[in-house]
Amino acid sequence: MHKRSHTIVRLPVHLEDRQTVYFAPGQAQQRVQNDDQRRTKLTEFFTLNTNDVEARQYLYHEIPVHYTWHQAQRRWVRRQRRMTNETLARMYVVNPLDRDRFHLRLLLLHRRGSQSFRDMRTVDGVVHESYGAAAIALGLLESDRAWLVCMEESAALDTPRQLRYLFVTILVMCHPAEPLALFQANEASMMEDFNRRFQDLDRARATSLDAIGDLLRAHGKTLGDYGLPNPDVGLLEPEQDDQLFVAIDVALR
């Protein structure tokens, strides 16, 4: 009850320039511009790999065993003596819906020696657009090829409305690695009915996204949960109980 057994080191996972900064009222600008506040255990992990060849053999969560975090200087320092208590490092949990951070965390669990956020997205000399794409290239995630083929087959047989329903089912139930890429590959087929109706590509796109958003809301999800764009509400048709429609109905009676 009165002895220490383990030292727990918590490791943040954040995107580039998206680290948490604490400040008192009125000091926001000053703290954001403070270089010290921009340095976190993760950014300094990259710096350590740049300057210390030996550190490159360790994963992010292995660093605290061999290095200690110097809070005043905000940098990793090589341990000079063996700790009497075992050191355990724990990366903060990331919700899978926070896709970029979730995939970055996955990469941090498997990649050694990275020296920047860009390095984390680089596989065999190829810089991928997202951490998810890099994880697929490394074999840490399955590609969305199966879902692309499924959507392609459905587009040849089903209506755009059925295709939108299938797309939402894949999003909610199958957790594709790159939902935005899956959407972009099938957007034309999913909005074909609206395109015929409006003869306007922008209105068709907005209405299709709105319809997909309605289907997602039935599952308690939103377009933003999957990195999909929100529709331009200015291009959507008003609801049928809108006052303008009521006035038109009255005038026509």
# chains A, B, ... in the order shown; residues from 1 in each chain; ligands from 1

call {"tool": "residues_around", "arguments": {"residues": "Arg79 in chain A", "least_positions_apart": "6", "cutoff": "12 Å", "atoms": "only C-alpha atoms", "output": "ChimeraX atom specification"}}
result
/A:55,63-70,87

call {"tool": "select_by_dssp", "arguments": {"residues": "range 43-147 of chain A", "states": "helix (DSSP H, G or I)", "output": "ChimeraX atom specification"}}
result
/A:43-51,53-57,60-66,99-108,117-120,131-137,145-147

call {"tool": "residues_around", "arguments": {"residues": "Ser114 in chain A", "least_positions_apart": "4", "cutoff": "10 Å", "atoms": "only C-alpha atoms", "output": "number ranges by chain"}}
result
A: 45-50, 56, 59-60, 108, 118-122

call {"tool": "closest_atom_pairs", "arguments": {"of": "range 165-196 of chain A", "to": "range 124-138 of chain A", "cutoff": "12 Å", "atoms": "only C-alpha atoms", "output": "CSV"}}
result
residue,atom,partner,partner_atom,distance
A:Pro176,CA,A:Gly132,CA,10.0
A:Ala177,CA,A:Gly132,CA,6.2
A:Glu178,CA,A:Gly132,CA,6.8
A:Pro179,CA,A:Gly132,CA,10.3
A:Leu180,CA,A:Ser130,CA,11.1
A:Ala181,CA,A:Ala133,CA,10.3

call {"tool": "select_by_dssp", "arguments": {"residues": "range 67-146 of chain A", "states": "strand (DSSP E)", "output": "PyMOL selection string"}}
result
chain A and resi 67-70+75-78+86-91+122-123+126-127

call {"tool": "write_last_selection", "arguments": {"atoms": "C-alpha atoms", "output": "CSV table (one decimal), in the first residue's frame"}}
result
chain,number,residue,atom,x,y,z
A,67,TYR,CA,15.6,7.9,-21.9
A,68,THR,CA,13.9,10.1,-19.4
A,69,TRP,CA,11.8,13.2,-20.2
A,70,HIS,CA,13.4,16.4,-18.9
A,75,ARG,CA,13.6,16.9,-24.4
A,76,TRP,CA,14.5,13.3,-24.0
A,77,VAL,CA,17.7,12.6,-22.1
A,78,ARG,CA,19.6,9.3,-22.0
A,86,GLU,CA,10.1,-0.7,-13.7
A,87,THR,CA,9.2,2.0,-16.3
A,88,LEU,CA,6.0,1.5,-18.3
A,89,ALA,CA,5.1,3.7,-21.2
A,90,ARG,CA,1.5,4.2,-22.4
A,91,MET,CA,0.3,6.0,-25.4
A,122,THR,CA,6.9,7.5,-46.1
A,123,VAL,CA,7.2,3.8,-47.1
A,126,VAL,CA,7.0,6.9,-51.3
A,127,VAL,CA,5.4,9.7,-49.3

call {"tool": "closest_atom_pairs", "arguments": {"of": "range 105-159 of chain A", "to": "range 190-201 of chain A", "cutoff": "12 Å", "atoms": "only C-alpha atoms", "output": "Markdown table"}}
result
| residue | atom | partner | partner_atom | distance |
| --- | --- | --- | --- | --- |
| A:Met151 | CA | A:Met190 | CA | 9.7 |
| A:Glu152 | CA | A:Met190 | CA | 10.8 |
| A:Ser154 | CA | A:Met190 | CA | 10.3 |
| A:Ala155 | CA | A:Met190 | CA | 8.0 |
| A:Ala156 | CA | A:Met190 | CA | 11.4 |
| A:Asp158 | CA | A:Met190 | CA | 10.1 |
| A:Thr159 | CA | A:Asp193 | CA | 8.1 |

call {"tool": "write_last_selection", "arguments": {"atoms": "N, CA, C and O atoms", "output": "mmCIF file, in the first residue's frame"}}
result
data_model
loop_
_atom_site.group_PDB
_atom_site.id
_atom_site.type_symbol
_atom_site.label_atom_id
_atom_site.label_comp_id
_atom_site.auth_asym_id
_atom_site.auth_seq_id
_atom_site.Cartn_x
_atom_site.Cartn_y
_atom_site.Cartn_z
ATOM 1 N N MET A 151 -18.651 -1.947 -54.387
ATOM 2 C CA MET A 151 -19.383 -0.762 -54.836
ATOM 3 C C MET A 151 -19.475 -0.726 -56.364
ATOM 4 O O MET A 151 -20.502 -0.329 -56.927
ATOM 5 N N GLU A 152 -18.416 -1.133 -57.036
ATOM 6 C CA GLU A 152 -18.402 -1.135 -58.505
ATOM 7 C C GLU A 152 -19.445 -2.107 -59.056
ATOM 8 O O GLU A 152 -20.170 -1.791 -60.012
ATOM 9 N N SER A 154 -22.137 -3.140 -57.441
ATOM 10 C CA SER A 154 -23.457 -2.623 -57.080
ATOM 11 C C SER A 154 -23.892 -1.509 -58.024
ATOM 12 O O SER A 154 -25.069 -1.417 -58.394
ATOM 13 N N ALA A 155 -22.948 -0.673 -58.443
ATOM 14 C CA ALA A 155 -23.273 0.438 -59.336
ATOM 15 C C ALA A 155 -23.816 -0.046 -60.677
ATOM 16 O O ALA A 155 -24.616 0.635 -61.325
ATOM 17 N N ALA A 156 -23.386 -1.234 -61.083
ATOM 18 C CA ALA A 156 -23.830 -1.775 -62.372
ATOM 19 C C ALA A 156 -25.229 -2.382 -62.291
ATOM 20 O O ALA A 156 -25.896 -2.546 -63.322
ATOM 21 N N ASP A 158 -27.600 -1.820 -59.180
ATOM 22 C CA ASP A 158 -28.529 -1.184 -58.252
ATOM 23 C C ASP A 158 -28.756 0.280 -58.584
ATOM 24 O O ASP A 158 -28.009 0.896 -59.347
ATOM 25 N N THR A 159 -29.782 0.842 -57.973
ATOM 26 C CA THR A 159 -30.079 2.256 -58.147
ATOM 27 C C THR A 159 -29.100 3.089 -57.322
ATOM 28 O O THR A 159 -28.488 2.572 -56.372
#

call {"tool": "decode", "arguments": {"residues": "range 80-121 of chain A", "atoms": "N, CA and C atoms", "output": "CSV table (one decimal), in the first residue's frame"}}
result
chain,number,residue,atom,x,y,z
A,80,GLN,N,21.0,7.8,-17.1
A,80,GLN,CA,22.4,7.6,-16.6
A,80,GLN,C,22.5,6.4,-15.6
A,81,ARG,N,21.4,6.0,-15.0
A,81,ARG,CA,21.4,4.9,-14.1
A,81,ARG,C,20.1,4.1,-14.3
A,82,ARG,N,20.2,2.8,-13.9
A,82,ARG,CA,19.1,1.9,-14.0
A,82,ARG,C,18.0,2.3,-12.9
A,83,MET,N,16.8,2.3,-13.4
A,83,MET,CA,15.7,2.7,-12.4
A,83,MET,C,15.4,1.5,-11.5
A,84,THR,N,15.1,1.7,-10.2
A,84,THR,CA,14.8,0.7,-9.3
A,84,THR,C,13.4,0.2,-9.6
A,85,ASN,N,12.5,1.1,-10.0
A,85,ASN,CA,11.1,0.8,-10.4
A,85,ASN,C,11.0,0.6,-11.9
A,86,GLU,N,10.3,-0.4,-12.3
A,86,GLU,CA,10.1,-0.7,-13.7
A,86,GLU,C,9.3,0.5,-14.4
A,87,THR,N,9.8,0.9,-15.6
A,87,THR,CA,9.2,2.0,-16.3
A,87,THR,C,8.2,1.4,-17.4
A,88,LEU,N,7.0,1.9,-17.3
A,88,LEU,CA,6.0,1.5,-18.3
A,88,LEU,C,5.6,2.7,-19.1
A,89,ALA,N,5.5,2.6,-20.4
A,89,ALA,CA,5.1,3.7,-21.2
A,89,ALA,C,3.7,3.4,-21.8
A,90,ARG,N,2.8,4.4,-21.8
A,90,ARG,CA,1.5,4.2,-22.4
A,90,ARG,C,1.1,5.3,-23.3
A,91,MET,N,0.8,5.0,-24.5
A,91,MET,CA,0.3,6.0,-25.4
A,91,MET,C,-1.2,6.2,-25.1
A,92,TYR,N,-1.6,7.4,-25.2
A,92,TYR,CA,-3.0,7.7,-25.0
A,92,TYR,C,-3.9,6.9,-26.0
A,93,VAL,N,-5.0,6.4,-25.6
A,93,VAL,CA,-6.0,5.8,-26.5
A,93,VAL,C,-6.6,6.8,-27.5
A,94,VAL,N,-6.7,6.3,-28.7
A,94,VAL,CA,-7.3,7.2,-29.8
A,94,VAL,C,-8.6,6.5,-30.3
A,95,ASN,N,-9.7,7.2,-30.4
A,95,ASN,CA,-10.9,6.7,-31.0
A,95,ASN,C,-10.7,6.4,-32.5
A,96,PRO,N,-11.1,5.2,-33.0
A,96,PRO,CA,-10.9,4.9,-34.4
A,96,PRO,C,-11.6,5.8,-35.3
A,97,LEU,N,-12.6,6.6,-34.8
A,97,LEU,CA,-13.2,7.6,-35.7
A,97,LEU,C,-12.3,8.8,-35.9
A,98,ASP,N,-11.4,9.0,-35.0
A,98,ASP,CA,-10.4,10.0,-35.2
A,98,ASP,C,-9.3,9.4,-36.1
A,99,ARG,N,-9.6,9.3,-37.4
A,99,ARG,CA,-8.8,8.4,-38.3
A,99,ARG,C,-7.3,8.7,-38.4
A,100,ASP,N,-7.0,10.0,-38.6
A,100,ASP,CA,-5.6,10.3,-38.8
A,100,ASP,C,-4.8,10.0,-37.6
A,101,ARG,N,-5.3,10.4,-36.4
A,101,ARG,CA,-4.6,10.1,-35.2
A,101,ARG,C,-4.5,8.6,-34.9
A,102,PHE,N,-5.6,7.9,-35.2
A,102,PHE,CA,-5.6,6.5,-34.9
A,102,PHE,C,-4.6,5.8,-35.8
A,103,HIS,N,-4.5,6.2,-37.1
A,103,HIS,CA,-3.5,5.5,-37.9
A,103,HIS,C,-2.1,5.9,-37.6
A,104,LEU,N,-1.9,7.2,-37.2
A,104,LEU,CA,-0.6,7.6,-36.7
A,104,LEU,C,-0.2,6.8,-35.5
A,105,ARG,N,-1.1,6.6,-34.6
A,105,ARG,CA,-0.8,5.8,-33.4
A,105,ARG,C,-0.4,4.3,-33.8
A,106,LEU,N,-1.1,3.8,-34.8
A,106,LEU,CA,-0.8,2.5,-35.3
A,106,LEU,C,0.6,2.4,-35.8
A,107,LEU,N,1.0,3.4,-36.6
A,107,LEU,CA,2.3,3.5,-37.2
A,107,LEU,C,3.4,3.6,-36.1
A,108,LEU,N,3.1,4.4,-35.0
A,108,LEU,CA,4.1,4.6,-33.9
A,108,LEU,C,4.3,3.3,-33.2
A,109,LEU,N,3.3,2.4,-33.2
A,109,LEU,CA,3.5,1.1,-32.5
A,109,LEU,C,4.4,0.1,-33.3
A,110,HIS,N,4.7,0.5,-34.6
A,110,HIS,CA,5.4,-0.5,-35.4
A,110,HIS,C,6.6,0.1,-36.1
A,111,ARG,N,6.8,1.4,-36.2
A,111,ARG,CA,7.9,2.0,-36.9
A,111,ARG,C,9.0,2.6,-36.0
A,112,ARG,N,10.2,2.2,-36.4
A,112,ARG,CA,11.4,2.7,-35.6
A,112,ARG,C,12.1,3.8,-36.4
A,113,GLY,N,12.7,4.7,-35.7
A,113,GLY,CA,13.7,5.6,-36.3
A,113,GLY,C,13.1,6.8,-37.1
A,114,SER,N,11.8,7.0,-37.1
A,114,SER,CA,11.2,8.1,-37.9
A,114,SER,C,11.7,9.4,-37.3
A,115,GLN,N,12.0,10.3,-38.2
A,115,GLN,CA,12.5,11.6,-37.7
A,115,GLN,C,11.6,12.8,-38.0
A,116,SER,N,10.4,12.5,-38.5
A,116,SER,CA,9.4,13.6,-38.7
A,116,SER,C,8.0,13.0,-38.9
A,117,PHE,N,7.0,13.8,-38.9
A,117,PHE,CA,5.7,13.3,-39.3
A,117,PHE,C,5.7,12.9,-40.8
A,118,ARG,N,6.4,13.5,-41.6
A,118,ARG,CA,6.5,13.1,-43.0
A,118,ARG,C,7.2,11.7,-43.1
A,119,ASP,N,8.2,11.5,-42.3
A,119,ASP,CA,8.8,10.1,-42.3
A,119,ASP,C,7.8,9.1,-42.0
A,120,MET,N,6.8,9.4,-41.1
A,120,MET,CA,5.8,8.4,-40.7
A,120,MET,C,4.9,8.0,-41.8
A,121,ARG,N,4.8,8.9,-42.8
A,121,ARG,CA,4.0,8.6,-44.0
A,121,ARG,C,4.8,8.1,-45.2
